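File shown: coords-v6.pdb. Contents: PDB, C-alpha atoms and all ligand atoms.
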```
MODEL        1
ATOM      1  CA  MET A  23     -11.911 -64.709 -29.108
ATOM      2  CA  ASP A  24      -8.405 -63.621 -28.175
ATOM      3  CA  ARG A  25      -7.245 -67.122 -28.769
ATOM      4  CA  LEU A  26      -8.869 -67.323 -32.177
ATOM      5  CA  GLN A  27      -7.302 -64.023 -33.087
ATOM      6  CA  ALA A  28      -3.882 -65.261 -31.997
ATOM      7  CA  ILE A  29      -4.254 -68.329 -34.212
ATOM      8  CA  VAL A  30      -5.298 -66.254 -37.214
ATOM      9  CA  THR A  31      -2.347 -63.910 -36.670
ATOM     10  CA  ASP A  32       0.038 -66.861 -36.469
ATOM     11  CA  LEU A  33      -1.370 -68.395 -39.638
ATOM     12  CA  LEU A  34      -0.994 -65.092 -41.469
ATOM     13  CA  THR A  35       2.591 -64.793 -40.266
ATOM     14  CA  LEU A  36       3.314 -68.279 -41.568
ATOM     15  CA  ALA A  37       1.626 -67.546 -44.889
ATOM     16  CA  ARG A  38       3.809 -64.466 -45.320
ATOM     17  CA  LEU A  39       6.932 -66.402 -44.444
ATOM     18  CA  ASP A  40       5.885 -69.187 -46.845
ATOM     19  CA  ALA A  41       5.421 -66.595 -49.568
ATOM     20  CA  ARG A  42       8.932 -65.309 -48.846
ATOM     21  CA  ALA A  43       7.673 -61.811 -48.171
ATOM     22  CA  PRO A  44      10.715 -59.520 -48.178
ATOM     23  CA  LEU A  45      12.372 -58.905 -44.829
ATOM     24  CA  ASP A  46      13.057 -55.414 -43.607
ATOM     25  CA  LEU A  47      16.776 -55.940 -43.008
ATOM     26  CA  SER A  48      19.011 -53.673 -40.997
ATOM     27  CA  PRO A  49      22.359 -54.195 -39.251
ATOM     28  CA  THR A  50      21.418 -55.001 -35.686
ATOM     29  CA  ASP A  51      23.336 -55.581 -32.475
ATOM     30  CA  LEU A  52      21.734 -58.881 -31.476
ATOM     31  CA  GLY A  53      22.717 -58.664 -27.804
ATOM     32  CA  ARG A  54      21.057 -55.286 -27.595
ATOM     33  CA  LEU A  55      17.890 -56.421 -29.303
ATOM     34  CA  VAL A  56      17.644 -59.289 -26.817
ATOM     35  CA  ARG A  57      18.369 -57.017 -23.858
ATOM     36  CA  ASP A  58      15.680 -54.549 -24.951
ATOM     37  CA  GLU A  59      13.108 -57.303 -25.265
ATOM     38  CA  LEU A  60      13.989 -58.792 -21.872
ATOM     39  CA  ASP A  61      13.749 -55.343 -20.272
ATOM     40  CA  ARG A  62      10.405 -54.671 -21.880
ATOM     41  CA  ARG A  63       8.523 -57.482 -20.262
ATOM     42  CA  ALA A  64       8.137 -59.043 -16.837
ATOM     43  CA  TYR A  65       8.676 -62.771 -16.602
ATOM     44  CA  ARG A  66       7.246 -65.139 -14.033
ATOM     45  CA  ILE A  67      10.666 -66.667 -13.667
ATOM     46  CA  GLU A  68      14.237 -65.545 -13.140
ATOM     47  CA  ILE A  69      16.125 -64.882 -16.354
ATOM     48  CA  VAL A  70      19.909 -65.066 -16.310
ATOM     49  CA  ARG A  71      21.525 -63.132 -19.161
ATOM     50  CA  ASP A  72      24.874 -63.446 -20.817
ATOM     51  CA  LEU A  73      24.685 -61.083 -23.761
ATOM     52  CA  GLN A  74      27.813 -60.362 -25.752
ATOM     53  CA  GLN A  75      27.852 -56.924 -27.367
ATOM     54  CA  ASN A  76      28.789 -56.030 -30.914
ATOM     55  CA  VAL A  77      27.472 -59.236 -32.375
ATOM     56  CA  PHE A  78      25.888 -57.795 -35.502
ATOM     57  CA  VAL A  79      23.427 -59.496 -37.797
ATOM     58  CA  ASP A  80      21.535 -58.175 -40.817
ATOM     59  CA  CYS A  81      18.034 -58.891 -39.700
ATOM     60  CA  ASP A  82      14.443 -57.824 -39.590
ATOM     61  CA  PRO A  83      14.323 -56.802 -35.921
ATOM     62  CA  LEU A  84      10.578 -57.311 -35.562
ATOM     63  CA  ARG A  85      10.840 -60.834 -36.895
ATOM     64  CA  ILE A  86      13.813 -61.725 -34.712
ATOM     65  CA  THR A  87      12.017 -60.315 -31.695
ATOM     66  CA  ARG A  88       9.110 -62.568 -32.567
ATOM     67  CA  LEU A  89      11.396 -65.585 -32.783
ATOM     68  CA  LEU A  90      12.831 -64.712 -29.374
ATOM     69  CA  VAL A  91       9.412 -64.155 -27.795
ATOM     70  CA  ASN A  92       8.170 -67.506 -29.062
ATOM     71  CA  LEU A  93      11.145 -69.248 -27.438
ATOM     72  CA  LEU A  94      10.795 -67.251 -24.216
ATOM     73  CA  ASP A  95       7.060 -67.993 -23.977
ATOM     74  CA  ASN A  96       7.796 -71.694 -24.226
ATOM     75  CA  ALA A  97      10.718 -71.529 -21.802
ATOM     76  CA  GLU A  98       8.630 -69.627 -19.281
ATOM     77  CA  ARG A  99       5.866 -72.188 -19.560
ATOM     78  CA  HIS A 100       8.163 -75.161 -19.111
ATOM     79  CA  ALA A 101      10.881 -73.901 -16.754
ATOM     80  CA  THR A 102      11.002 -74.930 -13.125
ATOM     81  CA  SER A 103      12.793 -71.903 -11.757
ATOM     82  CA  GLN A 104      15.127 -70.302 -14.256
ATOM     83  CA  ILE A 105      15.777 -69.410 -17.880
ATOM     84  CA  ALA A 106      19.233 -68.596 -19.255
ATOM     85  CA  VAL A 107      19.515 -66.420 -22.357
ATOM     86  CA  SER A 108      22.793 -65.796 -24.123
ATOM     87  CA  VAL A 109      24.135 -64.172 -27.275
ATOM     88  CA  ARG A 110      27.613 -64.789 -28.628
ATOM     89  CA  ALA A 111      29.558 -64.932 -31.850
ATOM     90  CA  ASP A 112      30.246 -68.508 -32.868
ATOM     91  CA  GLY A 113      32.452 -68.717 -35.966
ATOM     92  CA  PRO A 114      30.540 -67.204 -38.914
ATOM     93  CA  ALA A 115      27.291 -67.084 -36.947
ATOM     94  CA  ALA A 116      25.619 -65.260 -34.122
ATOM     95  CA  ALA A 117      24.254 -67.812 -31.688
ATOM     96  CA  LEU A 118      21.383 -66.923 -29.435
ATOM     97  CA  GLU A 119      20.458 -69.454 -26.803
ATOM     98  CA  VAL A 120      17.354 -69.920 -24.689
ATOM     99  CA  LEU A 121      17.802 -72.612 -22.068
ATOM    100  CA  ASP A 122      15.268 -73.550 -19.419
ATOM    101  CA  ASP A 123      15.453 -75.946 -16.485
ATOM    102  CA  GLY A 124      12.243 -77.864 -17.111
ATOM    103  CA  ALA A 125      11.674 -81.415 -18.310
ATOM    104  CA  GLY A 126      13.356 -80.844 -21.659
ATOM    105  CA  ILE A 127      12.516 -82.442 -25.014
ATOM    106  CA  ALA A 128      13.564 -86.020 -25.819
ATOM    107  CA  PRO A 129      16.044 -86.310 -28.691
ATOM    108  CA  GLU A 130      13.532 -88.205 -30.862
ATOM    109  CA  GLN A 131      11.067 -85.324 -30.561
ATOM    110  CA  ARG A 132      13.479 -82.516 -31.350
ATOM    111  CA  GLU A 133      12.437 -82.263 -34.982
ATOM    112  CA  ILE A 134       8.695 -82.881 -34.779
ATOM    113  CA  VAL A 135       8.165 -80.028 -32.336
ATOM    114  CA  PHE A 136       8.908 -77.678 -35.244
ATOM    115  CA  ASP A 137       6.022 -79.100 -37.279
ATOM    116  CA  ARG A 138       2.898 -76.991 -37.419
ATOM    117  CA  PHE A 139       0.302 -77.808 -34.757
ATOM    118  CA  THR A 140       2.563 -80.279 -32.940
ATOM    119  CA  ARG A 141       2.125 -80.256 -29.187
ATOM    120  CA  LEU A 142       3.702 -82.996 -27.133
ATOM    121  CA  ASP A 143       1.468 -84.983 -24.783
ATOM    122  CA  ALA A 144       2.694 -83.293 -21.640
ATOM    123  CA  SER A 145       1.743 -79.926 -23.122
ATOM    124  CA  ARG A 146      -1.638 -81.028 -24.340
ATOM    125  CA  ASP A 147      -2.866 -81.793 -20.834
ATOM    126  CA  ARG A 148      -1.149 -78.772 -19.438
ATOM    127  CA  ASP A 149      -2.764 -75.405 -18.721
ATOM    128  CA  THR A 150      -4.395 -73.280 -21.323
ATOM    129  CA  GLY A 151      -2.821 -72.257 -24.328
ATOM    130  CA  GLY A 152      -0.778 -73.095 -27.201
ATOM    131  CA  THR A 153      -1.721 -73.929 -30.709
ATOM    132  CA  GLY A 154       1.549 -75.530 -31.737
ATOM    133  CA  LEU A 155       2.575 -72.838 -34.206
ATOM    134  CA  GLY A 156       5.175 -70.962 -32.162
ATOM    135  CA  LEU A 157       8.169 -73.096 -33.030
ATOM    136  CA  ALA A 158       7.148 -73.493 -36.673
ATOM    137  CA  ILE A 159       7.123 -69.707 -36.950
ATOM    138  CA  ALA A 160      10.397 -69.341 -35.067
ATOM    139  CA  ARG A 161      12.183 -71.769 -37.383
ATOM    140  CA  GLU A 162      10.740 -70.156 -40.529
ATOM    141  CA  ILE A 163      12.023 -66.793 -39.325
ATOM    142  CA  ALA A 164      15.512 -68.179 -38.695
ATOM    143  CA  GLU A 165      15.558 -69.820 -42.133
ATOM    144  CA  ALA A 166      14.249 -66.697 -43.877
ATOM    145  CA  HIS A 167      17.411 -65.031 -42.519
ATOM    146  CA  ARG A 168      19.500 -67.897 -43.873
ATOM    147  CA  GLY A 169      19.977 -69.144 -40.367
ATOM    148  CA  THR A 170      18.930 -72.211 -38.418
ATOM    149  CA  LEU A 171      16.971 -73.072 -35.298
ATOM    150  CA  THR A 172      17.770 -76.317 -33.527
ATOM    151  CA  ILE A 173      17.532 -77.946 -30.128
ATOM    152  CA  ARG A 174      20.859 -78.978 -28.653
ATOM    153  CA  ASP A 175      21.797 -81.333 -25.870
ATOM    154  CA  SER A 176      21.796 -79.925 -22.384
ATOM    155  CA  SER A 177      22.284 -81.392 -18.949
ATOM    156  CA  ARG A 178      18.855 -80.151 -18.010
ATOM    157  CA  GLY A 179      15.801 -78.625 -19.668
ATOM    158  CA  ALA A 180      15.377 -77.594 -23.280
ATOM    159  CA  ARG A 181      18.124 -75.699 -25.098
ATOM    160  CA  PHE A 182      16.984 -73.817 -28.205
ATOM    161  CA  VAL A 183      19.709 -72.279 -30.347
ATOM    162  CA  PRO A 184      18.877 -69.989 -33.270
ATOM    163  CA  CYS A 185      21.965 -69.155 -35.339
ATOM    164  CA  LEU A 186      22.058 -66.246 -37.788
ATOM    165  CA  PRO A 187      24.844 -65.292 -40.187
ATOM    166  CA  LEU A 188      27.021 -62.505 -38.797
ATOM    167  CA  SER A 189      26.662 -59.199 -40.558
ATOM    168  CA  GLN A 190      29.257 -58.362 -43.193
ATOM    169  CA  ALA A 191      28.905 -54.700 -42.219
ATOM    170  CA  PRO A 192      32.534 -53.886 -41.324
ATOM    171  CA  THR A 193      33.785 -54.762 -44.806
ATOM    172  CA  SER A 194      30.826 -53.579 -46.864
ATOM    173  CA  TYR A 195      30.495 -50.242 -45.068
ATOM    174  CA  GLY A 196      34.168 -49.610 -44.517
ATOM    175  CA  ARG A 197      36.333 -47.613 -46.895
ATOM    176  CA  PRO A 198      37.870 -49.840 -49.527
ATOM    177  CA  ARG A 199      41.495 -50.487 -48.744
ATOM    178  CA  GLY A 200      44.166 -50.014 -51.324
ATOM    179  CA  GLY A 201      46.457 -52.804 -52.364
ATOM    180  CA  SER A 202      45.108 -56.304 -52.879
TER     181      SER A 202
HETATM  182  N1  LIG B 301      11.025 -75.225 -23.617
HETATM  183  C1  LIG B 301      10.309 -76.332 -23.832
HETATM  184  N2  LIG B 301      10.368 -77.390 -22.972
HETATM  185  C2  LIG B 301       9.642 -78.516 -23.187
HETATM  186  N3  LIG B 301       8.811 -78.682 -24.256
HETATM  187  C3  LIG B 301       8.706 -77.673 -25.124
HETATM  188  C4  LIG B 301       9.449 -76.457 -24.975
HETATM  189  N4  LIG B 301       9.153 -75.644 -26.026
HETATM  190  C5  LIG B 301       8.275 -76.315 -26.777
HETATM  191  N5  LIG B 301       7.995 -77.533 -26.260
HETATM  192  C6  LIG B 301       7.063 -78.560 -26.809
HETATM  193  O1  LIG B 301       6.940 -78.285 -28.212
HETATM  194  C7  LIG B 301       5.550 -78.080 -28.527
HETATM  195  C8  LIG B 301       5.450 -77.104 -29.671
HETATM  196  O2  LIG B 301       5.849 -75.788 -29.240
HETATM  197  P1  LIG B 301       5.201 -74.536 -29.953
HETATM  198  O3  LIG B 301       5.780 -73.316 -29.371
HETATM  199  O4  LIG B 301       5.285 -74.733 -31.427
HETATM  200  O5  LIG B 301       3.665 -74.663 -29.583
HETATM  201  P2  LIG B 301       2.893 -74.235 -28.256
HETATM  202  O6  LIG B 301       3.783 -73.485 -27.339
HETATM  203  O7  LIG B 301       2.224 -75.464 -27.722
HETATM  204  O8  LIG B 301       1.764 -73.286 -28.825
HETATM  205  P3  LIG B 301       1.948 -71.787 -29.417
HETATM  206  O9  LIG B 301       3.419 -71.486 -29.395
HETATM  207  O10 LIG B 301       1.389 -71.852 -30.797
HETATM  208  O11 LIG B 301       1.168 -70.933 -28.491
HETATM  209  C9  LIG B 301       4.937 -77.600 -27.226
HETATM  210  O12 LIG B 301       3.543 -77.838 -27.194
HETATM  211  C10 LIG B 301       5.677 -78.447 -26.207
HETATM  212  O13 LIG B 301       5.122 -79.758 -26.165
HETATM  213 MG    MG B 302       4.911 -71.866 -28.059
ENDMDL
END
```
Rewritten as structure tokens:
Amino acid sequence: MDRLQAIVTDLLTLARLDARAPLDLSPTDLGRLVRDELDRRAYRIEIVRDLQQNVFVDCDPLRITRLLVNLLDNAERHATSQIAVSVRADGPAAALEVLDDGAGIAPEQREIVFDRFTRLDASRDRDTGGTGLGLAIAREIAEAHRGTLTIRDSSRGARFVPCLPLSQAPTSYGRPRGGS
């Protein structure tokens, strides 16, 4: 029944995202949010962190945590021995990265894995588990924040990179400057 409940919860989450339910936005230090989530939970596998501080995004922290957890669950399932998680500012965006050292995802499958209920063959015979909604939800969350979620090339494993627009906080909250 737990599994059925998880599926229903995922479908409800997707329905809300489809309906563009308003996000509960607040300026958030992304590196900190990621650190807190990694500290909260024990992983079966070593996680190497490289989390830049003061990378602020206007986000719904619960949603972004969900995006992160969906990527970490997958990485943990597919990794051989290690996951690397990083946060950094990259031009106008905050780039989070979840990289594992498993078999990776072939370039021609890097879009279909985001479709609802898609599970690649290797995962269908594997262990218990997934429904094939995790990545669909993760991408919807990124896009609801006007960001993106893509899979990039890597020398090994799968490299998932959600990018979110950097917060405009310093200018919008700062005192207006005279002059121009
Ligand atoms: N890190 C990864 N390495 C290799 N394949 C992956 C990775 N992440 C996802 N995939 C492939 O993409 C498919 C879809 O992932 P998704 O998270 O949407 O579903 P799931 O993990 O199978 O189930 P759910 O997340 O709903 O429990 C997976 O079944 C797997 O085949
Ligand atoms: Mg998943």
Spell out the residues picked by the PyMOL selection byres (((not hetatm)) within 9 of (chain B and resi 301)) here, as a short mmCIF file (atom, residue, chain, number, x, y, z; two decimals) with C-alpha atoms, in the frame of the given file.
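Contents of the output file result.cif:
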```cif
data_model
loop_
_atom_site.label_atom_id
_atom_site.label_comp_id
_atom_site.auth_asym_id
_atom_site.auth_seq_id
_atom_site.Cartn_x
_atom_site.Cartn_y
_atom_site.Cartn_z
CA ALA A 28 -3.88 -65.26 -32.00
CA ILE A 29 -4.25 -68.33 -34.21
CA ASP A 32 0.04 -66.86 -36.47
CA ASN A 92 8.17 -67.51 -29.06
CA LEU A 93 11.14 -69.25 -27.44
CA LEU A 94 10.80 -67.25 -24.22
CA ASP A 95 7.06 -67.99 -23.98
CA ASN A 96 7.80 -71.69 -24.23
CA ALA A 97 10.72 -71.53 -21.80
CA GLU A 98 8.63 -69.63 -19.28
CA ARG A 99 5.87 -72.19 -19.56
CA HIS A 100 8.16 -75.16 -19.11
CA ALA A 101 10.88 -73.90 -16.75
CA VAL A 120 17.35 -69.92 -24.69
CA LEU A 121 17.80 -72.61 -22.07
CA ASP A 122 15.27 -73.55 -19.42
CA ASP A 123 15.45 -75.95 -16.48
CA GLY A 124 12.24 -77.86 -17.11
CA ALA A 125 11.67 -81.42 -18.31
CA GLY A 126 13.36 -80.84 -21.66
CA ILE A 127 12.52 -82.44 -25.01
CA ALA A 128 13.56 -86.02 -25.82
CA GLN A 131 11.07 -85.32 -30.56
CA ARG A 132 13.48 -82.52 -31.35
CA ILE A 134 8.70 -82.88 -34.78
CA VAL A 135 8.16 -80.03 -32.34
CA PHE A 136 8.91 -77.68 -35.24
CA ASP A 137 6.02 -79.10 -37.28
CA ARG A 138 2.90 -76.99 -37.42
CA PHE A 139 0.30 -77.81 -34.76
CA THR A 140 2.56 -80.28 -32.94
CA ARG A 141 2.12 -80.26 -29.19
CA LEU A 142 3.70 -83.00 -27.13
CA ASP A 143 1.47 -84.98 -24.78
CA ALA A 144 2.69 -83.29 -21.64
CA SER A 145 1.74 -79.93 -23.12
CA ARG A 146 -1.64 -81.03 -24.34
CA GLY A 151 -2.82 -72.26 -24.33
CA GLY A 152 -0.78 -73.10 -27.20
CA THR A 153 -1.72 -73.93 -30.71
CA GLY A 154 1.55 -75.53 -31.74
CA LEU A 155 2.58 -72.84 -34.21
CA GLY A 156 5.18 -70.96 -32.16
CA LEU A 157 8.17 -73.10 -33.03
CA ALA A 158 7.15 -73.49 -36.67
CA ILE A 159 7.12 -69.71 -36.95
CA ALA A 160 10.40 -69.34 -35.07
CA GLY A 179 15.80 -78.62 -19.67
CA ALA A 180 15.38 -77.59 -23.28
CA ARG A 181 18.12 -75.70 -25.10
CA PHE A 182 16.98 -73.82 -28.20
#
```
Among listed residues A:Leu60, A:Leu171, A:Leu188, A:Leu89, nearest ligand MG 302 (chain B) (using only C-alpha atoms and all ligand atoms):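 Among the listed residues, A:Leu89 lies closest to ligand MG 302 (chain B).
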Counting all atoms listed in the file, the residue of A:Asp175, A:Gly113, A:Gln104, A:Leu186 that sits nearest Phe78 of chain A: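 Ranking A:Asp175, A:Gly113, A:Gln104, A:Leu186 by distance to Phe78 of chain A, first place goes to A:Leu186.
For the pair atom CA of Leu45 of chain A and atom CA of Ala111 of chain A, the separation is 22.4 Å.
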Closest of A:Ala117, A:Leu33, A:Val91, A:Ala43 to Gln74 of chain A - atom-to-atom distances counting all atoms listed in the file: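 Smallest separation from Gln74 of chain A among the options: A:Ala117.
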